[in-house]
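Peer 1: What follows is the file query_7.cif, containing mmCIF, C-alpha atoms:
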data_query
loop_
_atom_site.label_atom_id
_atom_site.label_comp_id
_atom_site.auth_asym_id
_atom_site.auth_seq_id
_atom_site.Cartn_x
_atom_site.Cartn_y
_atom_site.Cartn_z
CA MET Y 26 -14.87 10.40 -47.88
CA ALA Y 27 -17.43 9.30 -45.27
CA LYS Y 28 -16.25 7.88 -41.97
CA VAL Y 29 -17.79 4.82 -40.36
CA ILE Y 30 -17.05 4.13 -36.70
CA GLU Y 31 -17.10 0.74 -35.04
CA TYR Y 32 -18.92 1.06 -31.70
CA SER Y 33 -18.95 -1.43 -28.82
CA TYR Y 34 -22.15 -1.44 -26.83
CA LEU Y 35 -23.63 -2.84 -23.65
CA ALA Y 36 -27.44 -3.02 -23.62
CA ARG Y 37 -30.30 -4.63 -21.72
CA ASN Y 38 -32.94 -6.74 -23.47
CA ILE Y 39 -36.63 -6.96 -22.62
CA LYS Y 40 -35.92 -9.80 -20.16
CA GLY Y 41 -33.54 -7.57 -18.21
CA ARG Y 42 -30.38 -9.40 -19.29
CA THR Y 43 -27.33 -7.53 -20.56
CA GLU Y 44 -25.98 -8.05 -24.06
CA LYS Y 45 -22.61 -7.03 -25.48
CA GLY Y 46 -21.77 -6.45 -29.10
CA SER Y 47 -20.37 -4.11 -31.72
CA MET Y 48 -21.94 -2.11 -34.52
CA ALA Y 49 -20.67 0.12 -37.36
CA ALA Y 50 -22.42 3.48 -37.60
CA ASP Y 51 -21.87 7.17 -38.31
CA SER Y 52 -22.62 8.32 -34.74
CA LYS Y 53 -23.67 7.19 -31.27
CA THR Y 54 -27.19 8.47 -31.95
CA MET Y 55 -27.51 6.06 -34.87
CA VAL Y 56 -26.28 3.18 -32.68
CA MET Y 57 -28.91 4.05 -30.04
CA SER Y 58 -31.63 4.13 -32.69
CA LYS Y 59 -30.61 0.74 -34.06
CA LEU Y 60 -30.46 -0.81 -30.60
CA GLN Y 61 -33.89 0.56 -29.65
CA ALA Y 62 -35.30 -0.77 -32.91
CA LYS Y 63 -34.08 -4.21 -31.80
CA GLY Y 64 -35.83 -3.82 -28.44
CA LEU Y 65 -32.60 -3.17 -26.52
CA SER Y 66 -32.03 -0.43 -23.93
CA PRO Y 67 -28.51 1.04 -24.27
CA ILE Y 68 -26.39 1.09 -21.11
CA SER Y 69 -23.05 2.18 -22.56
CA ILE Y 70 -21.70 2.85 -26.04
CA THR Y 71 -17.93 3.06 -26.58
CA GLU Y 72 -16.31 4.45 -29.71
CA GLY Y 73 -13.81 2.13 -31.36
CA THR Y 74 -11.94 2.08 -34.70
CA THR Y 75 -12.76 4.70 -37.32
CA THR Y 76 -12.78 3.52 -40.95
CA SER Y 77 -13.39 5.20 -44.29
CA SER Y 78 -16.16 4.18 -46.67
CA THR Y 79 -13.60 2.10 -48.59
CA GLY Y 80 -12.82 0.08 -45.45
CA SER Y 81 -9.37 1.45 -44.70
CA ALA Y 82 -8.62 2.56 -41.15
CA VAL Y 83 -8.49 6.30 -40.58
CA SER Y 84 -5.92 7.31 -37.99
CA ASP Y 85 -7.14 9.80 -35.43
CA ALA Y 86 -5.15 12.91 -34.76
CA ILE Y 87 -2.83 12.61 -31.81
CA SER Y 88 -4.29 14.44 -28.85
CA ILE Y 89 -2.43 15.60 -25.80
CA LYS Y 90 -4.42 15.86 -22.61
CA LEU Y 91 -3.21 18.60 -20.35
CA PRO Y 92 -3.78 18.17 -16.62
CA THR Y 93 -6.93 19.84 -15.39
CA PHE Y 94 -7.41 21.48 -12.04
CA ALA Y 95 -11.17 21.11 -11.77
CA LYS Y 96 -12.46 20.59 -8.25
CA ARG Y 97 -13.04 16.93 -7.43
CA VAL Y 98 -16.58 15.71 -6.85
CA GLY Y 99 -16.83 14.69 -3.20
CA SER Y 100 -19.46 13.07 -0.99
CA LYS Y 101 -20.85 16.48 -0.02
CA ASP Y 102 -21.42 17.47 -3.67
CA LEU Y 103 -23.12 14.15 -4.42
CA ALA Y 104 -25.21 14.36 -1.23
CA ILE Y 105 -26.57 17.80 -2.15
CA MET Y 106 -27.21 16.78 -5.75
CA THR Y 107 -29.02 13.52 -4.98
CA ARG Y 108 -31.09 15.09 -2.18
CA GLN Y 109 -32.32 17.85 -4.52
CA MET Y 110 -32.89 15.36 -7.35
CA SER Y 111 -34.88 13.08 -5.04
CA THR Y 112 -37.06 16.01 -3.95
CA MET Y 113 -37.77 17.11 -7.54
CA VAL Y 114 -38.49 13.59 -8.81
CA SER Y 115 -40.82 12.96 -5.83
CA ALA Y 116 -42.65 16.19 -6.74
CA GLY Y 117 -43.33 14.81 -10.23
CA LEU Y 118 -40.70 16.78 -12.16
CA PRO Y 119 -39.36 14.91 -15.21
CA LEU Y 120 -35.88 13.49 -14.60
CA SER Y 121 -34.33 15.31 -17.56
CA ARG Y 122 -35.74 18.63 -16.32
CA ALA Y 123 -34.51 17.97 -12.77
CA ILE Y 124 -30.99 17.26 -14.04
CA SER Y 125 -31.08 20.45 -16.12
CA ILE Y 126 -31.94 22.49 -13.00
CA LEU Y 127 -29.16 20.84 -10.99
CA GLU Y 128 -26.72 21.41 -13.83
CA ALA Y 129 -27.42 25.15 -13.73
CA GLN Y 130 -27.20 25.60 -9.96
CA THR Y 131 -24.38 23.30 -8.85
CA GLU Y 132 -21.17 25.11 -7.87
CA ASN Y 133 -18.87 22.26 -8.84
CA LYS Y 134 -18.00 22.79 -12.52
CA ARG Y 135 -16.90 19.20 -13.04
CA LEU Y 136 -20.19 17.88 -11.67
CA ALA Y 137 -22.14 20.39 -13.79
CA SER Y 138 -20.34 19.21 -16.93
CA THR Y 139 -21.01 15.56 -16.04
CA LEU Y 140 -24.71 16.26 -15.41
CA SER Y 141 -24.89 17.90 -18.83
CA ASP Y 142 -23.55 14.72 -20.42
CA VAL Y 143 -26.03 12.61 -18.43
CA ARG Y 144 -28.92 14.81 -19.59
CA LEU Y 145 -27.88 14.47 -23.24
CA ASP Y 146 -27.72 10.68 -22.87
CA LEU Y 147 -31.23 10.66 -21.37
CA GLN Y 148 -32.54 12.75 -24.24
CA ALA Y 149 -30.93 10.30 -26.68
CA GLY Y 150 -32.92 7.44 -25.12
CA MET Y 151 -30.45 5.96 -22.64
CA THR Y 152 -31.56 4.85 -19.18
CA PHE Y 153 -30.53 6.94 -16.17
CA SER Y 154 -28.52 4.09 -14.65
CA GLY Y 155 -26.81 3.50 -17.99
CA ALA Y 156 -25.83 7.17 -18.22
CA LEU Y 157 -24.44 7.05 -14.67
CA LEU Y 158 -22.54 3.83 -15.40
CA ARG Y 159 -20.69 5.54 -18.25
CA ARG Y 160 -19.31 8.03 -15.72
CA SER Y 161 -18.20 5.67 -12.97
CA ASP Y 162 -15.29 8.00 -12.14
CA ILE Y 163 -17.86 10.48 -10.78
CA PHE Y 164 -20.82 8.36 -9.71
CA PRO Y 165 -19.93 5.38 -7.47
CA VAL Y 166 -21.23 1.87 -8.04
CA LEU Y 167 -23.61 2.26 -5.09
CA MET Y 168 -25.51 5.08 -6.81
CA THR Y 169 -25.63 3.26 -10.14
CA SER Y 170 -26.92 0.04 -8.55
CA LEU Y 171 -29.63 1.74 -6.48
CA VAL Y 172 -30.81 3.83 -9.44
CA GLU Y 173 -30.91 0.72 -11.62
CA ALA Y 174 -33.04 -1.07 -8.99
CA GLY Y 175 -35.29 1.99 -8.68
CA GLU Y 176 -35.83 2.17 -12.44
CA ALA Y 177 -36.64 -1.53 -12.66
CA GLY Y 178 -39.00 -1.47 -9.67
CA GLY Y 179 -40.64 1.89 -10.33
CA PHE Y 180 -39.41 3.55 -7.12
CA LEU Y 181 -36.67 5.85 -8.45
CA ASP Y 182 -37.55 8.62 -5.95
CA LYS Y 183 -37.06 6.24 -3.01
CA ALA Y 184 -33.81 4.95 -4.49
CA LEU Y 185 -32.50 8.50 -4.87
CA ASP Y 186 -33.53 9.23 -1.28
CA SER Y 187 -31.49 6.24 -0.10
CA VAL Y 188 -28.50 7.39 -2.15
CA ALA Y 189 -28.82 10.88 -0.65
CA LYS Y 190 -28.90 9.49 2.92
CA THR Y 191 -25.81 7.40 2.22
CA PHE Y 192 -23.85 10.34 0.80
CA GLU Y 193 -24.99 12.64 3.62
CA ASN Y 194 -23.70 10.20 6.24
CA GLU Y 195 -20.49 9.76 4.25
CA ALA Y 196 -19.97 13.54 4.07
CA LYS Y 197 -20.61 13.87 7.81
CA LEU Y 198 -18.10 11.13 8.52
CA HIS Y 199 -15.46 12.72 6.28
CA THR Y 200 -15.93 16.08 7.99
CA SER Y 201 -15.54 14.51 11.43
CA ILE Y 202 -12.35 12.65 10.48
CA LYS Y 203 -10.90 15.65 8.67
CA SER Y 204 -11.43 17.94 11.65
CA ALA Y 205 -9.79 15.38 13.95
CA MET Y 206 -6.71 14.93 11.73
CA THR Y 207 -6.08 18.51 10.61
CA TYR Y 208 -4.31 19.61 13.80
CA PRO Y 209 -1.88 16.67 14.21
CA VAL Y 210 -0.96 16.68 10.53
CA ALA Y 211 -0.28 20.45 10.63
CA VAL Y 212 1.87 20.08 13.76
CA LEU Y 213 3.81 17.18 12.24
CA LEU Y 214 4.53 19.20 9.10
CA MET Y 215 5.69 22.14 11.23
CA ALA Y 216 8.03 19.81 13.13
CA VAL Y 217 9.54 18.42 9.92
CA VAL Y 218 10.00 21.89 8.42
CA GLY Y 219 11.48 23.14 11.71
CA VAL Y 220 14.02 20.30 11.86
CA PHE Y 221 15.17 20.86 8.27
CA ALA Y 222 15.35 24.65 8.79
CA MET Y 223 17.54 24.25 11.89
CA LEU Y 224 19.80 21.69 10.19
CA ILE Y 225 20.25 23.83 7.07
CA PHE Y 226 20.44 27.37 8.50
CA ILE Y 227 21.14 27.29 12.26
CA VAL Y 228 23.54 24.37 12.72
CA PRO Y 229 26.17 25.74 10.22
CA ILE Y 230 26.40 28.98 12.25
CA PHE Y 231 27.11 27.04 15.43
CA GLU Y 232 29.53 24.78 13.53
CA LYS Y 233 31.69 27.78 12.56
CA MET Y 234 31.66 29.00 16.14
CA PHE Y 235 32.65 25.57 17.45
CA ALA Y 236 35.50 25.35 14.90
CA GLN Y 237 36.93 28.64 16.20
CA LEU Y 238 36.71 27.46 19.82
CA GLY Y 239 38.44 24.15 19.02
CA GLY Y 240 38.17 21.01 21.10
CA THR Y 241 36.08 17.90 20.72
CA LEU Y 242 32.31 18.21 20.27
CA PRO Y 243 29.90 16.09 22.32
CA ALA Y 244 28.47 13.12 20.41
CA PRO Y 245 24.92 14.56 20.03
CA THR Y 246 26.29 17.89 18.72
CA GLN Y 247 28.67 16.10 16.35
CA MET Y 248 25.71 14.12 14.99
CA LEU Y 249 23.82 17.36 14.19
CA VAL Y 250 26.92 18.87 12.56
CA THR Y 251 27.26 15.72 10.42
CA LEU Y 252 23.57 15.75 9.44
CA SER Y 253 23.58 19.46 8.47
CA PRO Y 254 25.26 19.18 5.02
CA ILE Y 255 23.32 15.96 4.32
CA ALA Y 256 20.04 17.77 4.98
CA ALA Y 257 21.14 20.69 2.78
CA TRP Y 258 21.72 18.61 -0.34
CA ALA Y 259 19.04 16.00 0.41
CA SER Y 260 16.13 18.41 1.01
CA PRO Y 261 15.45 19.07 -2.74
CA PHE Y 262 15.46 15.32 -3.39
CA VAL Y 263 13.13 14.74 -0.45
CA ALA Y 264 10.75 17.42 -1.77
CA VAL Y 265 10.79 15.88 -5.27
CA PHE Y 266 10.28 12.39 -3.83
CA VAL Y 267 7.32 13.54 -1.73
CA PHE Y 268 5.75 15.25 -4.77
CA LEU Y 269 6.26 12.21 -7.02
CA PHE Y 270 4.99 9.82 -4.34
CA ALA Y 271 1.89 11.99 -3.81
CA ALA Y 272 1.22 11.95 -7.57
CA TRP Y 273 1.79 8.18 -7.74
CA TRP Y 274 -0.40 7.58 -4.69
CA THR Y 275 -3.24 9.67 -6.13
CA ARG Y 276 -3.11 7.62 -9.32
CA ASN Y 277 -2.57 4.14 -7.85
CA ARG Y 278 -4.12 4.06 -4.37
CA TYR Y 279 -7.18 2.20 -5.71
CA VAL Y 280 -5.14 -0.37 -7.66
CA THR Y 281 -5.84 -3.86 -6.31
CA TRP Y 282 -2.26 -4.87 -5.48
CA VAL Y 283 -1.68 -1.60 -3.62
CA ARG Y 284 -4.89 -2.03 -1.64
CA ARG Y 285 -3.95 -5.60 -0.69
CA ILE Y 286 -0.83 -4.21 0.96
CA ILE Y 287 -2.23 -1.02 2.51
CA ASP Y 288 -5.77 -2.00 3.57
CA PRO Y 289 -4.76 -4.76 6.05
CA ILE Y 290 -2.28 -2.31 7.59
CA LYS Y 291 -5.06 0.25 7.99
CA LEU Y 292 -7.05 -2.20 10.11
CA ASN Y 293 -4.13 -3.27 12.32
CA ILE Y 294 -2.09 -0.15 13.05
CA PRO Y 295 -2.14 0.97 16.70
CA VAL Y 296 -4.75 3.57 17.73
CA PHE Y 297 -6.04 4.26 14.20
CA GLY Y 298 -6.66 0.62 13.22
CA PRO Y 299 -9.87 0.20 15.28
CA LEU Y 300 -11.11 3.56 14.01
CA ASN Y 301 -10.54 2.59 10.37
CA LYS Y 302 -12.34 -0.70 10.98
CA LYS Y 303 -15.35 1.07 12.49
CA ILE Y 304 -15.48 3.45 9.52
CA ALA Y 305 -15.44 0.58 7.01
CA LEU Y 306 -18.08 -1.41 8.93
CA SER Y 307 -20.27 1.69 9.25
CA ARG Y 308 -20.19 2.16 5.47
CA PHE Y 309 -20.96 -1.55 4.99
CA SER Y 310 -23.94 -1.49 7.35
CA ARG Y 311 -25.38 1.81 6.13
CA THR Y 312 -25.11 0.85 2.47
CA PHE Y 313 -26.54 -2.63 3.07
CA SER Y 314 -29.50 -1.14 4.98
CA ASN Y 315 -30.26 1.42 2.26
CA MET Y 316 -30.07 -1.14 -0.54
CA ILE Y 317 -32.33 -3.63 1.26
CA GLY Y 318 -34.76 -0.79 2.03
CA SER Y 319 -34.76 0.22 -1.65
CA GLY Y 320 -35.84 -3.26 -2.74
CA VAL Y 321 -32.49 -4.48 -4.05
CA PRO Y 322 -32.16 -8.29 -3.83
CA ILE Y 323 -29.65 -9.46 -1.21
CA LEU Y 324 -27.28 -11.11 -3.71
CA GLN Y 325 -27.18 -7.97 -5.84
CA ALA Y 326 -26.70 -5.82 -2.73
CA LEU Y 327 -23.80 -7.98 -1.55
CA SER Y 328 -22.09 -7.54 -4.93
CA VAL Y 329 -22.06 -3.79 -4.33
CA ILE Y 330 -21.63 -3.15 -0.60
CA GLY Y 331 -18.21 -4.77 -0.36
CA LYS Y 332 -16.80 -2.23 -2.80
CA THR Y 333 -18.33 0.68 -0.91
CA SER Y 334 -16.72 -0.30 2.42
CA GLY Y 335 -13.43 1.22 1.28
CA ASN Y 336 -11.31 -1.71 2.49
CA ILE Y 337 -10.38 -4.74 0.42
CA VAL Y 338 -10.27 -7.02 3.50
CA ILE Y 339 -13.98 -6.42 4.09
CA GLU Y 340 -14.63 -6.56 0.34
CA ASP Y 341 -13.11 -10.06 0.15
CA ALA Y 342 -15.10 -11.15 3.20
CA VAL Y 343 -18.35 -9.89 1.64
CA THR Y 344 -17.52 -11.77 -1.57
CA ARG Y 345 -17.23 -14.99 0.42
CA VAL Y 346 -20.53 -14.19 2.14
CA GLN Y 347 -22.16 -13.65 -1.26
CA ASP Y 348 -20.85 -17.00 -2.53
CA SER Y 349 -22.19 -18.73 0.58
CA VAL Y 350 -25.63 -17.07 0.29
CA ARG Y 351 -25.79 -18.13 -3.34
CA LEU Y 352 -25.41 -21.74 -2.12
CA GLY Y 353 -28.33 -21.36 0.26
CA THR Y 354 -26.96 -20.21 3.63
CA THR Y 355 -28.00 -17.02 5.45
CA VAL Y 356 -25.88 -13.88 5.53
CA SER Y 357 -25.23 -14.13 9.27
CA GLN Y 358 -24.06 -17.77 9.08
CA GLN Y 359 -21.13 -16.98 6.81
CA MET Y 360 -20.39 -13.63 8.46
CA ALA Y 361 -19.87 -15.50 11.75
CA ASN Y 362 -16.91 -17.27 10.06
CA GLU Y 363 -15.29 -13.99 9.00
CA LYS Y 364 -12.99 -12.51 11.67
CA VAL Y 365 -13.33 -8.98 10.29
CA PHE Y 366 -17.00 -8.80 11.38
CA PRO Y 367 -17.49 -8.37 15.15
CA ASN Y 368 -19.97 -10.57 16.98
CA MET Y 369 -22.36 -7.64 17.55
CA ILE Y 370 -22.98 -7.02 13.84
CA THR Y 371 -23.36 -10.75 13.15
CA GLN Y 372 -25.95 -11.18 15.91
CA MET Y 373 -27.91 -8.09 14.82
CA ILE Y 374 -28.05 -9.31 11.21
CA SER Y 375 -29.13 -12.78 12.41
CA ILE Y 376 -31.99 -11.22 14.38
CA GLY Y 377 -32.94 -9.09 11.39
CA GLU Y 378 -33.04 -12.11 9.08
CA TYR Y 379 -35.28 -14.15 11.38
CA SER Y 380 -37.60 -11.26 12.27
CA GLY Y 381 -37.85 -9.81 8.75
CA SER Y 382 -36.37 -6.47 9.89
CA LEU Y 383 -32.91 -6.69 8.34
CA GLU Y 384 -33.02 -3.09 7.09
CA VAL Y 385 -33.83 -1.73 10.58
CA MET Y 386 -31.16 -3.82 12.30
CA LEU Y 387 -28.49 -2.79 9.81
CA SER Y 388 -29.47 0.85 10.25
CA LYS Y 389 -29.12 0.52 14.04
CA VAL Y 390 -25.70 -1.12 13.60
CA ALA Y 391 -24.59 1.76 11.37
CA ASP Y 392 -25.87 4.32 13.90
CA SER Y 393 -23.97 2.53 16.66
CA PHE Y 394 -20.73 2.58 14.66
CA ASP Y 395 -21.22 6.26 13.78
CA GLU Y 396 -21.60 7.12 17.48
CA ASP Y 397 -18.44 5.15 18.29
CA ILE Y 398 -16.57 6.91 15.48
CA GLU Y 399 -17.59 10.35 16.75
CA ALA Y 400 -16.58 9.46 20.32
CA THR Y 401 -13.27 7.93 19.16
CA THR Y 402 -12.32 10.89 16.96
CA SER Y 403 -13.17 13.28 19.79
CA GLN Y 404 -10.98 11.31 22.21
CA LEU Y 405 -8.15 11.08 19.67
CA THR Y 406 -8.27 14.83 19.11
CA SER Y 407 -8.07 15.47 22.87
CA LEU Y 408 -5.22 12.97 23.24
CA ILE Y 409 -3.22 13.83 20.11
CA GLU Y 410 -3.05 17.60 20.73
CA PRO Y 411 -0.92 17.43 23.91
CA LEU Y 412 1.11 14.52 22.50
CA MET Y 413 1.94 16.46 19.33
CA ILE Y 414 2.87 19.57 21.35
CA ALA Y 415 5.14 17.40 23.53
CA PHE Y 416 6.61 15.79 20.40
CA ILE Y 417 7.48 19.05 18.67
CA GLY Y 418 8.82 20.41 21.95
CA LEU Y 419 11.10 17.40 22.42
CA VAL Y 420 12.37 17.51 18.84
CA ILE Y 421 13.04 21.25 18.54
CA GLY Y 422 13.98 21.68 22.19
CA GLY Y 423 16.30 18.68 22.04
CA MET Y 424 18.09 20.13 19.01
CA VAL Y 425 18.54 23.50 20.74
CA ILE Y 426 19.96 21.86 23.88
CA THR Y 427 22.26 19.71 21.75
CA LEU Y 428 23.64 22.82 20.03
CA TYR Y 429 24.36 24.48 23.36
CA LEU Y 430 26.08 21.46 24.96
CA PRO Y 431 29.60 22.57 23.83
CA ILE Y 432 28.95 26.04 25.25
CA PHE Y 433 27.90 24.53 28.58
CA SER Y 434 31.10 22.42 28.57
CA ILE Y 435 33.28 25.48 27.92
CA TYR Y 436 31.51 27.39 30.68
CA ASN Y 437 32.19 24.55 33.13
CA VAL Y 438 35.89 24.47 32.13
CA ILE Y 439 36.23 28.26 32.60
CA LYS Y 440 34.42 28.04 35.92
#
As a first step, turn the structure in this file into structure tokens.
Peer 2:
Amino acid sequence: MAKVIEYSYLARNIKGRTEKGSMAADSKTMVMSKLQAKGLSPISITEGTTTSSTGSAVSDAISIKLPTFAKRVGSKDLAIMTRQMSTMVSAGLPLSRAISILEAQTENKRLASTLSDVRLDLQAGMTFSGALLRRSDIFPVLMTSLVEAGEAGGFLDKALDSVAKTFENEAKLHTSIKSAMTYPVAVLLMAVVGVFAMLIFIVPIFEKMFAQLGGTLPAPTQMLVTLSPIAAWASPFVAVFVFLFAAWWTRNRYVTWVRRIIDPIKLNIPVFGPLNKKIALSRFSRTFSNMIGSGVPILQALSVIGKTSGNIVIEDAVTRVQDSVRLGTTVSQQMANEKVFPNMITQMISIGEYSGSLEVMLSKVADSFDEDIEATTSQLTSLIEPLMIAFIGLVIGGMVITLYLPIFSIYNVIK
């Protein structure tokens, strides 16, 4: 009995407008052929309900997806891929052939598998931006938007070059932040493990000794003795909670309601708040500059750059700027009303708008923020190292002194 599948599709017509619809066919290839025959360019095709030739629904077999441990695709992987792709496309190599080469030489297996799917979609007649859009979990909206503009304007190589520059700066930024945070995080973990180890293994030994000596324990020592059994039975629960929270956070950190709680905190916490703000504004400026330089219209660019900033506070502000520009104002006029944008970036954008050099001004703003970020992370690293050493010394040293307080008291009595 033949199976007919109901497919939902998103396609672009000859006027450049998107159209949604559904179509019954035997395969995605047939759907693509039918759409192309109608003069439509497929962007995405999603498989829906499967029915038999008699019209009755055919239930799919239940599938269980086991967790995979494939390496995630990071900014560095995307930077290398897009830079090589830009070079090959600029040299005149067909896009499908360039993707095939990248697929064979990339070290990230997940990216290689995704590139294989993109290549097959291209060979089936789908546009490059449409193939990327179907894999939005790998390729961010920035890349899809720039590629779409490059395809429409005939400057795909320049668009890929802009994407590569953006990812290269993003990878550099991640490396800088990661190197600055590795040491304090490692020291903090050592302090936590050290505290639990002393409470679980060392304090009970002293407790038995104190019980044999008799007398009343000093308040700090009594507090450690009280915490020791609590730490012993609570540590497995704490470990399970941390694991479950990490899994939940990985799955839900990009959910809107979570971001509306966390993102404002990121911008306002002491010490790290200004750094997080500079990072978000650097991404905003760099992405805006690259999109304007690639020929993307300002309204379309504004619909993308807010999402790439990484902070929902800035994303909401950019949305309000976009709405204002749509009504006829300039970008700088509305940005001046948004507290999240400092006066420097507003003035630079205003100069760029009036002089026709918006791309250059935004690039200079991004460079300025990047320099500030490097200087700030360097200062934080220099400041945090001695503070963390002092912190772990106070915590562990304080616990050791607290354990020896009864012994000091007994020594004074004997003396």
Peer 1: Hey, can you check how far atom CA of Y:Leu35 sits from atom CA of Y:Ile68?
Peer 2: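 Distance reported for this atom pair: 5.4 Å.
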Peer 1: Point out the residue among Y:Asn336, Y:Ser260, Y:Ser388, Y:Thr402 with the least atom-to-atom distance to Y:Val280, counting all atoms listed in the file.
Peer 2: Y:Asn336
Peer 1: Evaluate the PyMOL selection byres ((chain Y and resi 196-204) around 12) here and jot the selected residues down as a JSON list (two decimals) with C-alpha atoms, in the coordinates of the input.
Peer 2:
[["chain", "number", "residue", "atom", "x", "y", "z"],
["Y", 98, "VAL", "CA", -16.58, 15.71, -6.85],
["Y", 99, "GLY", "CA", -16.83, 14.69, -3.20],
["Y", 100, "SER", "CA", -19.46, 13.07, -0.99],
["Y", 101, "LYS", "CA", -20.85, 16.48, -0.02],
["Y", 102, "ASP", "CA", -21.42, 17.47, -3.67],
["Y", 103, "LEU", "CA", -23.12, 14.15, -4.42],
["Y", 104, "ALA", "CA", -25.21, 14.36, -1.23],
["Y", 105, "ILE", "CA", -26.57, 17.80, -2.15],
["Y", 189, "ALA", "CA", -28.82, 10.88, -0.65],
["Y", 190, "LYS", "CA", -28.90, 9.49, 2.92],
["Y", 191, "THR", "CA", -25.81, 7.40, 2.22],
["Y", 192, "PHE", "CA", -23.85, 10.34, 0.80],
["Y", 193, "GLU", "CA", -24.99, 12.64, 3.62],
["Y", 194, "ASN", "CA", -23.70, 10.20, 6.24],
["Y", 195, "GLU", "CA", -20.49, 9.76, 4.25],
["Y", 205, "ALA", "CA", -9.79, 15.38, 13.95],
["Y", 206, "MET", "CA", -6.71, 14.93, 11.73],
["Y", 207, "THR", "CA", -6.08, 18.51, 10.61],
["Y", 208, "TYR", "CA", -4.31, 19.61, 13.80],
["Y", 209, "PRO", "CA", -1.88, 16.67, 14.21],
["Y", 210, "VAL", "CA", -0.96, 16.68, 10.53],
["Y", 211, "ALA", "CA", -0.28, 20.45, 10.63],
["Y", 297, "PHE", "CA", -6.04, 4.26, 14.20],
["Y", 300, "LEU", "CA", -11.11, 3.56, 14.01],
["Y", 301, "ASN", "CA", -10.54, 2.59, 10.37],
["Y", 303, "LYS", "CA", -15.35, 1.07, 12.49],
["Y", 304, "ILE", "CA", -15.48, 3.45, 9.52],
["Y", 305, "ALA", "CA", -15.44, 0.58, 7.01],
["Y", 307, "SER", "CA", -20.27, 1.69, 9.25],
["Y", 308, "ARG", "CA", -20.19, 2.16, 5.47],
["Y", 391, "ALA", "CA", -24.59, 1.76, 11.37],
["Y", 392, "ASP", "CA", -25.87, 4.32, 13.90],
["Y", 394, "PHE", "CA", -20.73, 2.58, 14.66],
["Y", 395, "ASP", "CA", -21.22, 6.26, 13.78],
["Y", 396, "GLU", "CA", -21.60, 7.12, 17.48],
["Y", 397, "ASP", "CA", -18.44, 5.15, 18.29],
["Y", 398, "ILE", "CA", -16.57, 6.91, 15.48],
["Y", 399, "GLU", "CA", -17.59, 10.35, 16.75],
["Y", 400, "ALA", "CA", -16.58, 9.46, 20.32],
["Y", 401, "THR", "CA", -13.27, 7.93, 19.16],
["Y", 402, "THR", "CA", -12.32, 10.89, 16.96],
["Y", 403, "SER", "CA", -13.17, 13.28, 19.79],
["Y", 404, "GLN", "CA", -10.98, 11.31, 22.21],
["Y", 405, "LEU", "CA", -8.15, 11.08, 19.67],
["Y", 406, "THR", "CA", -8.27, 14.83, 19.11],
["Y", 407, "SER", "CA", -8.07, 15.47, 22.87]]
Peer 1: For stretch 112-184 of chain Y against stretch 321-333 of chain Y, with a cut-off of 7 Å and counting all atoms listed in the file, what is the closest atom pair and its distance in Å to one decimal for every residue that makes the cut, ordered by chain and number, as a Markdown table?
Peer 2:
| residue | atom | partner | partner_atom | distance |
| --- | --- | --- | --- | --- |
| Y:Val166 | CA | Y:Val329 | CA | 6.8 |
| Y:Leu167 | CA | Y:Val329 | CA | 6.3 |
| Y:Ala174 | CA | Y:Val321 | CA | 6.0 |
Peer 1: Atom CA of Y:Met110 to atom CA of Y:Ser154: how many Å, to one decimal?
Peer 2: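 Straight-line distance from atom CA of Y:Met110 to atom CA of Y:Ser154 works out to 14.1 Å.
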Peer 1: Quick one: distance from atom CA of Y:Ala244 to atom CA of Y:Ile421 in Å, one decimal?
Peer 2: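 Computing it gives 17.5 Å between the two atoms.
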Peer 1: Let me know the residues the PyMOL selection byres ((chain Y and resi 153) around 12) catches in the file above, as number ranges by chain.
Peer 2: Y: 66-69, 119-121, 124, 140, 142-152, 154-160, 164, 168-177, 181, 185
Peer 1: Rank nothing, just name the residue among Y:Val188, Y:Val263, Y:Ile294, Y:Ala116 nearest to Y:Ser319, using only C-alpha atoms.
Peer 2: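 Once distances to Y:Ser319 are computed over only C-alpha atoms, the minimum belongs to Y:Val188.
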Peer 1: What would the selection look like, as number ranges by chain, if the PyMOL selection byres ((chain Y and resi 370-382) around 12) were run on the coordinates I just shared?
Peer 2: Y: 303, 306-307, 309-311, 313-314, 317-318, 323, 346, 354-369, 383-394
Peer 1: Select, from Y:Leu213, Y:Ile287, Y:Ala257, Y:Ile432, the residue with the minimum atom-to-atom distance to Y:Gly418, counting only C-alpha atoms.
Peer 2: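 Ranked by minimum distance to Y:Gly418, first place goes to Y:Leu213.
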Peer 1: Using all atoms listed in the file for the distances, tell me which of Y:Pro411, Y:Leu242, Y:Ile70, Y:Ser111 is nearest to Y:Thr427.
Peer 2: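 Answer, going by the shortest atom-to-atom distance: Y:Leu242.
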Peer 1: Using all atoms listed in the file, which residue out of Y:Leu428, Y:Ile414, Y:Val114, Y:Met106 lies closest to Y:Leu127?
Peer 2: Y:Met106
Peer 1: Could you work out an axis-aligned bounding box for all listed atoms of stretch 281-295 of chain Y, with 8 Å added on each of the six sides, and give its centre and edge lengths in Å to one decimal, as AutoDock Vina command-line options?
Peer 2:
--center_x -3.9 --center_y -2.3 --center_z 5.2 --size_x 22.2 --size_y 22.6 --size_z 39.0
Peer 1: Can you tell me which residues surround Y:Leu136 at a distance of at most 8 Å, considering all atoms listed in the file, apart from same-chain residues fewer than 5 positions away, and format the answer as JSON, numbers by chain?
Peer 2: {"Y": [98, 128, 131, 163]}
Peer 1: How would the residues just picked look written out with C-alpha atoms as a JSON list (two decimals), keeping the file's coordinate frame?
Peer 2:
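Result went into again.json, see below:
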[["chain", "number", "residue", "atom", "x", "y", "z"],
["Y", 98, "VAL", "CA", -16.58, 15.71, -6.85],
["Y", 128, "GLU", "CA", -26.72, 21.41, -13.83],
["Y", 131, "THR", "CA", -24.38, 23.30, -8.85],
["Y", 163, "ILE", "CA", -17.86, 10.48, -10.78]]
